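One file, upload.txt, is given below (compact mmCIF, C-alpha atoms and all ligand atoms).
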# COMPACT_ATOMS: atom_id res chain seq x y z
CA MET A 1 13.81 28.36 129.73
CA ASN A 2 13.27 25.77 127.08
CA PHE A 3 16.36 24.79 125.07
CA ILE A 4 15.18 21.28 124.18
CA SER A 5 14.70 21.87 120.46
CA ASP A 6 14.11 24.52 117.85
CA ASN A 7 10.69 22.91 117.49
CA ALA A 8 9.81 23.62 121.12
CA TYR A 9 8.44 27.08 120.38
CA GLY A 10 5.41 27.84 118.22
CA VAL A 11 4.88 29.44 114.85
CA ALA A 12 5.97 32.89 113.69
CA PRO A 13 2.97 35.27 113.43
CA GLU A 14 3.84 36.00 109.77
CA ILE A 15 3.50 32.29 108.96
CA LEU A 16 0.16 32.06 110.75
CA ALA A 17 -1.00 35.14 108.83
CA ALA A 18 0.02 33.50 105.54
CA ILE A 19 -1.92 30.35 106.43
CA GLN A 20 -4.93 32.50 107.29
CA ALA A 21 -4.62 34.38 104.00
CA ALA A 22 -4.43 31.11 102.06
CA ASN A 23 -7.68 30.02 103.68
CA ASP A 24 -9.83 32.18 101.41
CA GLY A 25 -12.16 30.39 99.04
CA ALA A 26 -11.82 27.13 97.15
CA VAL A 27 -8.80 26.17 95.06
CA ALA A 28 -7.61 23.03 93.29
CA PRO A 29 -6.29 20.48 95.85
CA TYR A 30 -3.06 18.42 95.71
CA GLY A 31 -0.86 21.33 94.73
CA GLY A 32 -3.01 22.61 91.88
CA ASP A 33 -3.45 25.91 93.73
CA PRO A 34 -1.90 29.27 92.80
CA VAL A 35 0.42 29.48 95.82
CA THR A 36 2.03 26.12 95.04
CA ALA A 37 2.35 27.14 91.39
CA ARG A 38 4.22 30.29 92.44
CA LEU A 39 6.77 28.35 94.49
CA GLN A 40 8.69 27.18 91.42
CA ALA A 41 9.36 30.77 90.38
CA ARG A 42 10.00 32.01 93.92
CA PHE A 43 12.56 29.31 94.70
CA SER A 44 14.15 29.55 91.26
CA GLU A 45 14.75 33.22 91.94
CA LEU A 46 16.13 32.44 95.37
CA PHE A 47 18.59 29.86 94.01
CA ALA A 48 19.48 31.89 90.90
CA ARG A 49 18.57 29.05 88.52
CA GLU A 50 15.56 26.92 87.65
CA VAL A 51 14.75 24.49 90.45
CA TRP A 52 12.03 21.87 90.99
CA VAL A 53 10.28 22.23 94.34
CA TYR A 54 8.17 19.56 96.07
CA PRO A 55 6.60 20.53 99.40
CA VAL A 56 6.28 17.77 102.00
CA ALA A 57 5.13 17.75 105.60
CA SER A 58 8.23 16.61 107.49
CA GLY A 59 12.00 16.65 107.33
CA THR A 60 12.17 12.88 107.60
CA ALA A 61 9.97 12.57 104.51
CA ALA A 62 12.07 15.14 102.64
CA ASN A 63 15.28 13.26 103.42
CA GLY A 64 13.91 9.76 102.81
CA LEU A 65 12.26 10.67 99.54
CA ALA A 66 15.18 12.74 98.25
CA LEU A 67 17.64 9.94 99.05
CA ALA A 68 15.38 7.30 97.53
CA GLN A 69 15.16 9.37 94.35
CA LEU A 70 18.95 9.44 94.00
CA THR A 71 19.83 5.98 95.28
CA PRO A 72 18.92 2.58 93.83
CA SER A 73 17.84 -0.15 96.26
CA TYR A 74 21.28 -1.73 95.80
CA GLY A 75 23.10 1.56 96.42
CA ALA A 76 25.19 2.89 99.32
CA ILE A 77 24.59 6.28 100.93
CA PHE A 78 27.62 7.75 102.70
CA CYS A 79 26.71 9.93 105.66
CA HIS A 80 28.06 10.98 109.04
CA ALA A 81 27.60 8.60 111.97
CA GLU A 82 25.82 11.41 113.86
CA SER A 83 23.57 12.39 110.96
CA HIS A 84 19.84 12.61 111.47
CA ILE A 85 19.26 10.18 108.60
CA ALA A 86 21.45 7.59 110.33
CA VAL A 87 20.25 7.92 113.92
CA ASP A 88 16.93 9.73 114.08
CA GLU A 89 14.77 8.68 111.15
CA CYS A 90 13.85 5.12 112.07
CA ALA A 91 15.49 3.80 108.88
CA ALA A 92 13.23 5.91 106.65
CA PRO A 93 15.93 6.34 103.95
CA GLU A 94 16.42 2.56 103.82
CA PHE A 95 12.64 2.07 103.72
CA PHE A 96 11.87 4.65 101.02
CA SER A 97 14.78 3.50 98.86
CA GLY A 98 13.73 -0.13 99.11
CA GLY A 99 16.85 -1.20 100.95
CA ALA A 100 19.77 1.11 100.14
CA LYS A 101 22.56 0.86 102.72
CA LEU A 102 23.59 3.78 104.87
CA PHE A 103 27.33 3.69 105.33
CA THR A 104 28.28 5.88 108.29
CA LEU A 105 31.58 7.75 108.53
CA GLY A 106 33.36 9.79 111.21
CA GLY A 107 34.53 13.39 110.99
CA ASP A 108 34.91 16.23 113.50
CA ALA A 109 31.82 18.06 114.71
CA ALA A 110 29.46 15.94 112.59
CA LYS A 111 31.07 17.06 109.32
CA LEU A 112 32.13 14.57 106.64
CA ALA A 113 35.73 14.92 105.53
CA PRO A 114 36.86 14.14 101.97
CA VAL A 115 39.66 11.92 103.30
CA ASP A 116 37.12 9.66 105.04
CA ILE A 117 34.91 9.49 101.96
CA GLU A 118 37.92 8.47 99.86
CA ALA A 119 38.83 5.79 102.40
CA ALA A 120 35.26 4.49 102.39
CA LEU A 121 35.20 4.39 98.61
CA SER A 122 38.29 2.21 98.60
CA ARG A 123 36.26 -0.41 100.51
CA PHE A 124 33.62 -0.54 97.79
CA ARG A 125 35.75 -1.95 95.04
CA ALA A 126 34.18 -5.39 94.71
CA PRO A 127 30.99 -4.92 92.71
CA PRO A 128 28.48 -6.47 92.77
CA HIS A 129 29.34 -7.86 96.21
CA SER A 130 29.36 -4.45 97.86
CA PRO A 131 26.52 -2.00 97.30
CA LYS A 132 27.05 0.58 94.57
CA PRO A 133 28.31 3.91 96.01
CA ALA A 134 25.44 6.11 94.89
CA THR A 135 24.93 9.08 97.17
CA ILE A 136 26.70 11.25 99.73
CA SER A 137 24.53 13.03 102.27
CA ILE A 138 25.69 16.02 104.33
CA THR A 139 23.77 18.08 106.87
CA GLN A 140 23.89 21.88 106.75
CA ALA A 141 23.96 23.16 109.49
CA THR A 142 25.14 19.92 111.08
CA GLU A 143 23.59 18.03 113.95
CA TYR A 144 26.34 19.55 116.15
CA GLY A 145 25.57 23.13 115.15
CA THR A 146 28.58 23.49 112.88
CA VAL A 147 28.55 24.75 109.30
CA TYR A 148 30.25 23.55 106.11
CA SER A 149 31.91 26.33 104.11
CA PRO A 150 31.15 26.49 100.36
CA ALA A 151 34.70 25.18 99.71
CA GLU A 152 34.16 22.20 102.01
CA ILE A 153 30.95 21.32 100.21
CA ALA A 154 32.61 21.76 96.82
CA ALA A 155 35.38 19.34 97.82
CA ILE A 156 32.76 16.69 98.63
CA GLY A 157 30.80 17.60 95.50
CA ALA A 158 33.93 17.02 93.40
CA ILE A 159 34.29 13.49 94.77
CA ALA A 160 30.62 12.79 94.05
CA ARG A 161 30.97 13.99 90.46
CA ARG A 162 34.18 12.03 89.89
CA GLU A 163 32.56 8.83 91.19
CA GLY A 164 29.24 9.31 89.39
CA MET A 165 27.55 9.73 92.77
CA LYS A 166 24.93 12.29 93.82
CA LEU A 167 25.19 14.80 96.66
CA HIS A 168 22.25 15.33 99.01
CA MET A 169 22.05 18.07 101.61
CA ASP A 170 19.84 17.77 104.68
CA GLY A 171 18.96 21.43 105.12
CA ALA A 172 16.65 21.17 108.11
CA ARG A 173 18.66 24.18 109.36
CA PHE A 174 19.79 25.53 105.99
CA ALA A 175 18.74 29.06 106.99
CA ASN A 176 21.00 28.97 110.06
CA ALA A 177 23.96 27.93 107.91
CA LEU A 178 23.28 30.67 105.38
CA ALA A 179 22.85 33.29 108.08
CA HIS A 180 26.15 32.23 109.63
CA LEU A 181 28.07 32.41 106.36
CA ASN A 182 26.17 35.33 104.88
CA ALA A 183 26.37 33.39 101.62
CA ALA A 184 24.04 33.05 98.65
CA PRO A 185 21.80 29.94 98.63
CA ALA A 186 23.36 28.95 95.29
CA ASP A 187 26.88 28.99 96.75
CA LEU A 188 25.98 26.44 99.39
CA THR A 189 24.10 24.16 97.02
CA TRP A 190 24.26 23.63 93.25
CA ARG A 191 27.37 25.77 92.69
CA ALA A 192 29.15 23.49 95.18
CA GLY A 193 27.80 20.33 93.59
CA VAL A 194 24.64 19.64 95.62
CA ASP A 195 22.05 17.77 93.55
CA VAL A 196 19.12 17.81 95.93
CA LEU A 197 18.33 19.80 99.06
CA SER A 198 15.93 18.95 101.86
CA PHE A 199 14.87 22.52 102.55
CA GLY A 200 13.63 22.97 106.11
CA ALA A 201 11.34 25.67 107.46
CA THR A 202 9.61 24.04 110.45
CA LYS A 203 12.55 24.51 112.82
CA ASN A 204 12.78 28.18 111.99
CA GLY A 205 9.29 29.60 112.44
CA ALA A 206 7.01 27.55 110.16
CA LEU A 207 4.15 25.38 111.39
CA GLY A 208 5.09 22.35 109.32
CA ALA A 209 6.64 22.91 105.91
CA GLU A 210 9.64 21.35 104.21
CA ALA A 211 10.50 20.96 100.54
CA VAL A 212 12.58 18.70 98.37
CA ILE A 213 14.43 20.92 95.92
CA PHE A 214 16.12 19.51 92.81
CA PHE A 215 18.61 21.51 90.77
CA ALA A 216 18.25 19.45 87.57
CA ARG A 217 15.04 18.30 85.89
CA ASP A 218 16.38 14.80 85.23
CA ASP A 219 16.97 14.20 88.93
CA ALA A 220 13.34 15.06 89.64
CA GLU A 221 11.88 12.68 87.07
CA ASP A 222 8.77 10.92 88.39
CA PHE A 223 9.36 12.34 91.85
CA GLU A 224 5.68 13.29 92.06
CA PHE A 225 4.82 9.56 91.98
CA ARG A 226 7.30 8.81 94.74
CA ARG A 227 5.93 11.62 96.91
CA LYS A 228 2.32 10.49 96.34
CA LYS A 229 3.12 6.86 97.11
CA ALA A 230 4.72 7.95 100.37
CA GLY A 231 1.60 9.89 101.38
CA HIS A 232 3.18 13.31 101.05
CA LEU A 233 1.11 14.72 98.22
CA VAL A 234 -0.92 16.66 100.76
CA SER A 235 -4.45 17.42 99.56
CA LYS A 236 -4.57 20.88 101.14
CA MET A 237 -1.10 21.64 99.85
CA ARG A 238 -1.83 25.35 99.67
CA PHE A 239 -1.28 25.64 103.41
CA ILE A 240 2.20 24.12 103.23
CA SER A 241 3.07 26.19 100.18
CA ALA A 242 1.78 29.38 101.81
CA GLN A 243 4.18 28.79 104.70
CA LEU A 244 7.13 28.29 102.35
CA GLU A 245 6.28 31.38 100.36
CA ALA A 246 5.90 33.59 103.44
CA TYR A 247 9.05 32.07 104.93
CA ILE A 248 11.34 33.21 102.13
CA GLU A 249 9.51 36.46 101.41
CA GLN A 250 11.33 39.64 102.47
CA GLY A 251 14.27 37.59 103.71
CA ARG A 252 12.29 36.55 106.81
CA TRP A 253 13.90 33.13 107.04
CA LEU A 254 17.36 34.66 107.27
CA THR A 255 16.32 37.31 109.76
CA TRP A 256 14.82 34.63 111.99
CA ALA A 257 17.76 32.26 111.66
CA GLY A 258 20.14 35.17 112.27
CA ARG A 259 18.32 35.94 115.52
CA ALA A 260 18.61 32.33 116.70
CA ASN A 261 22.30 32.23 115.75
CA THR A 262 22.99 35.51 117.54
CA LEU A 263 21.35 34.29 120.74
CA ALA A 264 23.31 31.03 120.52
CA ALA A 265 26.57 32.95 120.06
CA ARG A 266 25.69 35.16 123.03
CA MET A 267 25.05 32.08 125.11
CA ALA A 268 28.39 30.57 124.03
CA ASP A 269 30.18 33.79 125.04
CA GLY A 270 28.38 33.72 128.37
CA PHE A 271 29.77 30.28 129.15
CA SER A 272 33.27 31.73 129.28
CA ASP A 273 32.65 32.76 132.89
CA VAL A 274 30.71 29.69 133.95
CA SER A 275 33.04 27.63 136.09
CA GLY A 276 33.92 24.27 134.52
CA ALA A 277 32.04 24.92 131.24
CA GLU A 278 33.73 23.70 128.09
CA MET A 279 32.28 23.95 124.59
CA ALA A 280 32.39 20.59 122.80
CA HIS A 281 32.05 22.10 119.30
CA PRO A 282 32.30 25.54 117.75
CA VAL A 283 28.98 27.39 117.90
CA GLN A 284 28.20 28.45 114.33
CA ALA A 285 24.45 28.05 114.08
CA ASN A 286 21.73 27.75 116.75
CA ALA A 287 22.84 24.73 118.78
CA LEU A 288 25.38 24.50 121.60
CA PHE A 289 27.03 21.39 122.99
CA VAL A 290 28.67 22.17 126.28
CA TRP A 291 30.28 20.10 129.02
CA LEU A 292 29.06 21.26 132.41
CA PRO A 293 29.77 20.07 135.95
CA ASP A 294 26.96 17.83 137.17
CA ALA A 295 26.28 20.28 140.01
CA THR A 296 25.68 23.03 137.42
CA ILE A 297 23.36 20.75 135.45
CA ALA A 298 21.38 20.05 138.63
CA ARG A 299 21.20 23.77 139.50
CA LEU A 300 19.95 24.63 136.00
CA ARG A 301 17.24 21.98 136.15
CA LYS A 302 16.17 23.21 139.58
CA ALA A 303 15.89 26.72 138.11
CA GLY A 304 13.49 25.32 135.50
CA ALA A 305 15.82 25.04 132.51
CA LYS A 306 14.90 22.35 129.99
CA PHE A 307 17.53 20.74 127.76
CA TYR A 308 18.84 17.32 126.81
CA ASP A 309 21.84 15.60 128.32
CA TRP A 310 23.71 14.64 125.16
CA ARG A 311 26.37 12.46 126.76
CA PRO A 312 25.94 10.73 130.12
CA SER A 313 27.82 11.97 133.14
CA THR A 314 31.53 11.13 133.00
CA ASN A 315 34.04 12.21 135.65
CA GLY A 316 31.51 14.55 137.22
CA ARG A 317 30.44 16.37 134.10
CA THR A 318 27.75 15.97 131.48
CA MET A 319 27.47 17.23 127.92
CA ALA A 320 24.31 19.33 127.50
CA ARG A 321 22.66 20.13 124.18
CA LEU A 322 21.07 23.56 124.04
CA VAL A 323 19.07 24.59 121.00
CA VAL A 324 17.99 28.19 120.51
CA SER A 325 15.05 28.94 118.25
CA CYS A 326 14.15 32.11 116.42
CA MET A 327 11.40 32.55 119.02
CA THR A 328 13.41 31.90 122.17
CA PRO A 329 12.92 34.87 124.51
CA GLN A 330 16.14 36.86 124.80
CA ASP A 331 15.75 36.98 128.60
CA ASP A 332 15.86 33.19 128.79
CA VAL A 333 19.47 33.22 127.62
CA ALA A 334 20.44 35.70 130.36
CA ARG A 335 18.44 33.78 132.99
CA PHE A 336 20.02 30.48 131.93
CA LEU A 337 23.53 31.91 132.18
CA ALA A 338 22.79 33.47 135.57
CA ALA A 339 21.56 30.10 136.85
CA ALA A 340 24.62 28.39 135.39
CA ARG A 341 26.93 30.82 137.19
CA GLY A 342 25.10 30.05 140.44
C1 LIG A 401 19.24 17.65 110.88
C2 LIG A 401 17.80 17.23 110.84
N1 LIG A 401 17.31 16.72 109.70
C3 LIG A 401 16.04 16.33 109.59
C4 LIG A 401 15.16 16.43 110.65
C5 LIG A 401 13.79 15.84 110.47
O1 LIG A 401 12.73 16.61 110.74
P1 LIG A 401 11.29 16.02 111.14
O2 LIG A 401 11.29 15.90 112.61
O3 LIG A 401 10.40 17.07 110.59
O4 LIG A 401 11.08 14.72 110.46
C6 LIG A 401 15.62 16.97 111.88
C7 LIG A 401 14.74 17.09 113.06
O5 LIG A 401 15.15 17.14 114.17
C8 LIG A 401 16.99 17.36 111.97
O6 LIG A 401 17.50 17.85 113.11

Target encoding structure tokens, full file:
Amino acid sequence: MNFISDNAYGVAPEILAAIQAANDGAVAPYGGDPVTARLQARFSELFAREVWVYPVASGTAANGLALAQLTPSYGAIFCHAESHIAVDECAAPEFFSGGAKLFTLGGDAAKLAPVDIEAALSRFRAPPHSPKPATISITQATEYGTVYSPAEIAAIGAIARREGMKLHMDGARFANALAHLNAAPADLTWRAGVDVLSFGATKNGALGAEAVIFFARDDAEDFEFRRKKAGHLVSKMRFISAQLEAYIEQGRWLTWAGRANTLAARMADGFSDVSGAEMAHPVQANALFVWLPDATIARLRKAGAKFYDWRPSTNGRTMARLVVSCMTPQDDVARFLAAARG
């Protein structure tokens, strides 16, 4: 019963098969191969417009490089205080951008709210003493397993456009957000004002494949230099590209994310008859944050369940984070709930 992370499980067989298939013969390295060449067309079709796709090996690299591309070294990046870029990337965005400042904001369930962005902007009215507001970054699905609606993104996108700022989306779990909303990829991104997307696949069945996706050629200018300088122009790129291609083929990514979301929703329902359980946030994607009595936490651990304590014990209860992956065995959800009920 492993609910530590959506990276805890392995790789989907279809992804391994695509890597195996890409292993045939010799091709040009550094992205000069046919699979990488096909990605531009595949992703352009997926997003219903021409896009510029740059595979990289990790989500941290995708975020750091995307943000650095949009943000000058003297710029400010507005993001949520709980965002991965603010708390879990070892200052990679600051490093890659050469010193841009992350400016963290509040907002329920890890979602930025326009009102807070407006308030923050009002504090940046003394140029050049304050950094230049350059970029807003949102996470979809969020670090708390919640999902922005297209209208919520568009409201943030409108502020970015009005202020001459850019909008970045950390889509490490983009598939889970799409599966939840049953929306078109375009509706959650460029149609709502997103300029660049960190497109994740690793958390949803890939071995290690992410991509930086730009929706305008100008925004991508010279990005290949930035990626190379950062060590993410992978020489055997075909194996990353093959994963991305197989991932989006036949709607696999959405089927897999849908499975993870469904199991997470089932788990959330199951907590309704676990004594003392209280959901901390709505469950919209594949992560659950739930307050549980400390005795329940101890019983679950004794039964072999693995998960993180997200908040330390307070008044006899602890907030647990449970992440369901597309490969989590269905039975584990039932076993976990049975152990929680005691
Ligand atoms: C929301 C979010 N963004 C980005 C990442 C970064 O991914 P990686 O661990 O591949 O650098 C993660 C990983 O946990 C994440 O949860």

For atom CA of Phe214 of chain A and atom CA of Trp52 of chain A, the interatomic separation in Å (one decimal): 5.1 Å

Any residue with an atom at most 9 Å from ligand LIG 401 (chain A) counts, using all atoms listed in the file. Which are they? Put them as a PDB file with C-alpha atoms, in the coordinates of the input.
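Once everything was written out, this is result-v7.pdb:
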ATOM      1  CA  SER A   5      14.700  21.870 120.460  1.00  0.00           C
ATOM      2  CA  ASP A   6      14.110  24.520 117.850  1.00  0.00           C
ATOM      3  CA  ASN A   7      10.690  22.910 117.490  1.00  0.00           C
ATOM      4  CA  ALA A  57       5.130  17.750 105.600  1.00  0.00           C
ATOM      5  CA  SER A  58       8.230  16.610 107.490  1.00  0.00           C
ATOM      6  CA  GLY A  59      12.000  16.650 107.330  1.00  0.00           C
ATOM      7  CA  THR A  60      12.170  12.880 107.600  1.00  0.00           C
ATOM      8  CA  ALA A  61       9.970  12.570 104.510  1.00  0.00           C
ATOM      9  CA  ALA A  62      12.070  15.140 102.640  1.00  0.00           C
ATOM     10  CA  ASN A  63      15.280  13.260 103.420  1.00  0.00           C
ATOM     11  CA  SER A  83      23.570  12.390 110.960  1.00  0.00           C
ATOM     12  CA  HIS A  84      19.840  12.610 111.470  1.00  0.00           C
ATOM     13  CA  ILE A  85      19.260  10.180 108.600  1.00  0.00           C
ATOM     14  CA  ASP A  88      16.930   9.730 114.080  1.00  0.00           C
ATOM     15  CA  GLU A  89      14.770   8.680 111.150  1.00  0.00           C
ATOM     16  CA  THR A 139      23.770  18.080 106.870  1.00  0.00           C
ATOM     17  CA  GLN A 140      23.890  21.880 106.750  1.00  0.00           C
ATOM     18  CA  ALA A 141      23.960  23.160 109.490  1.00  0.00           C
ATOM     19  CA  THR A 142      25.140  19.920 111.080  1.00  0.00           C
ATOM     20  CA  GLU A 143      23.590  18.030 113.950  1.00  0.00           C
ATOM     21  CA  ASP A 170      19.840  17.770 104.680  1.00  0.00           C
ATOM     22  CA  GLY A 171      18.960  21.430 105.120  1.00  0.00           C
ATOM     23  CA  ALA A 172      16.650  21.170 108.110  1.00  0.00           C
ATOM     24  CA  ARG A 173      18.660  24.180 109.360  1.00  0.00           C
ATOM     25  CA  SER A 198      15.930  18.950 101.860  1.00  0.00           C
ATOM     26  CA  GLY A 200      13.630  22.970 106.110  1.00  0.00           C
ATOM     27  CA  THR A 202       9.610  24.040 110.450  1.00  0.00           C
ATOM     28  CA  LYS A 203      12.550  24.510 112.820  1.00  0.00           C
ATOM     29  CA  GLY A 208       5.090  22.350 109.320  1.00  0.00           C
ATOM     30  CA  ALA A 209       6.640  22.910 105.910  1.00  0.00           C
ATOM     31  CA  GLU A 210       9.640  21.350 104.210  1.00  0.00           C
TER      32      GLU A 210
END

Cut-off 10 Å around (19.2, -1.6, 103.4) with all atoms listed in the file: residues as a count of residues only: 18

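Going from atom CA of Glu152 of chain A to atom CA of Pro114 of chain A covers 8.5 Å.
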
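The coordinates place atom CA of Asn204 of chain A at 29.0 Å from atom CA of Arg341 of chain A.
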
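All residues of protein, DNA or RNA that reach within 6 Å of Val11 of chain A, judged by only C-alpha atoms and not counting those fewer than 3 positions away in the chain, are Gly205, Ala206 and Leu207 of chain A.
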
Those residues with C-alpha atoms, as a compact mmCIF listing (two decimals), in the coordinates of the input please?
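part-v1.txt was written with the following content:
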# COMPACT_ATOMS: atom_id res chain seq x y z
CA GLY A 205 9.29 29.60 112.44
CA ALA A 206 7.01 27.55 110.16
CA LEU A 207 4.15 25.38 111.39

Nearest-residue call for Thr328 of chain A, choices A:Ala175, A:Leu46, A:Ala8, A:Met279, using all atoms listed in the file: A:Ala8

Within 9 Å of Ala230 of chain A using all atoms listed in the file, minus same-chain residues under 3 positions, as a ChimeraX atom specification: /A:61,65,96,225-227,233

Long-range neighbours of Ala66 of chain A as a PyMOL selection string, 7 Å cut-off, all atoms listed in the file, 4 positions minimum in chain: chain A and resi 62+70+196+212

Shell of 9 Å around segment 38-45 of chain A, all atoms listed in the file, local chain residues under 6 positions omitted, as a PyMOL selection string: chain A and resi 51-54+213+241-242+244-245+248-249
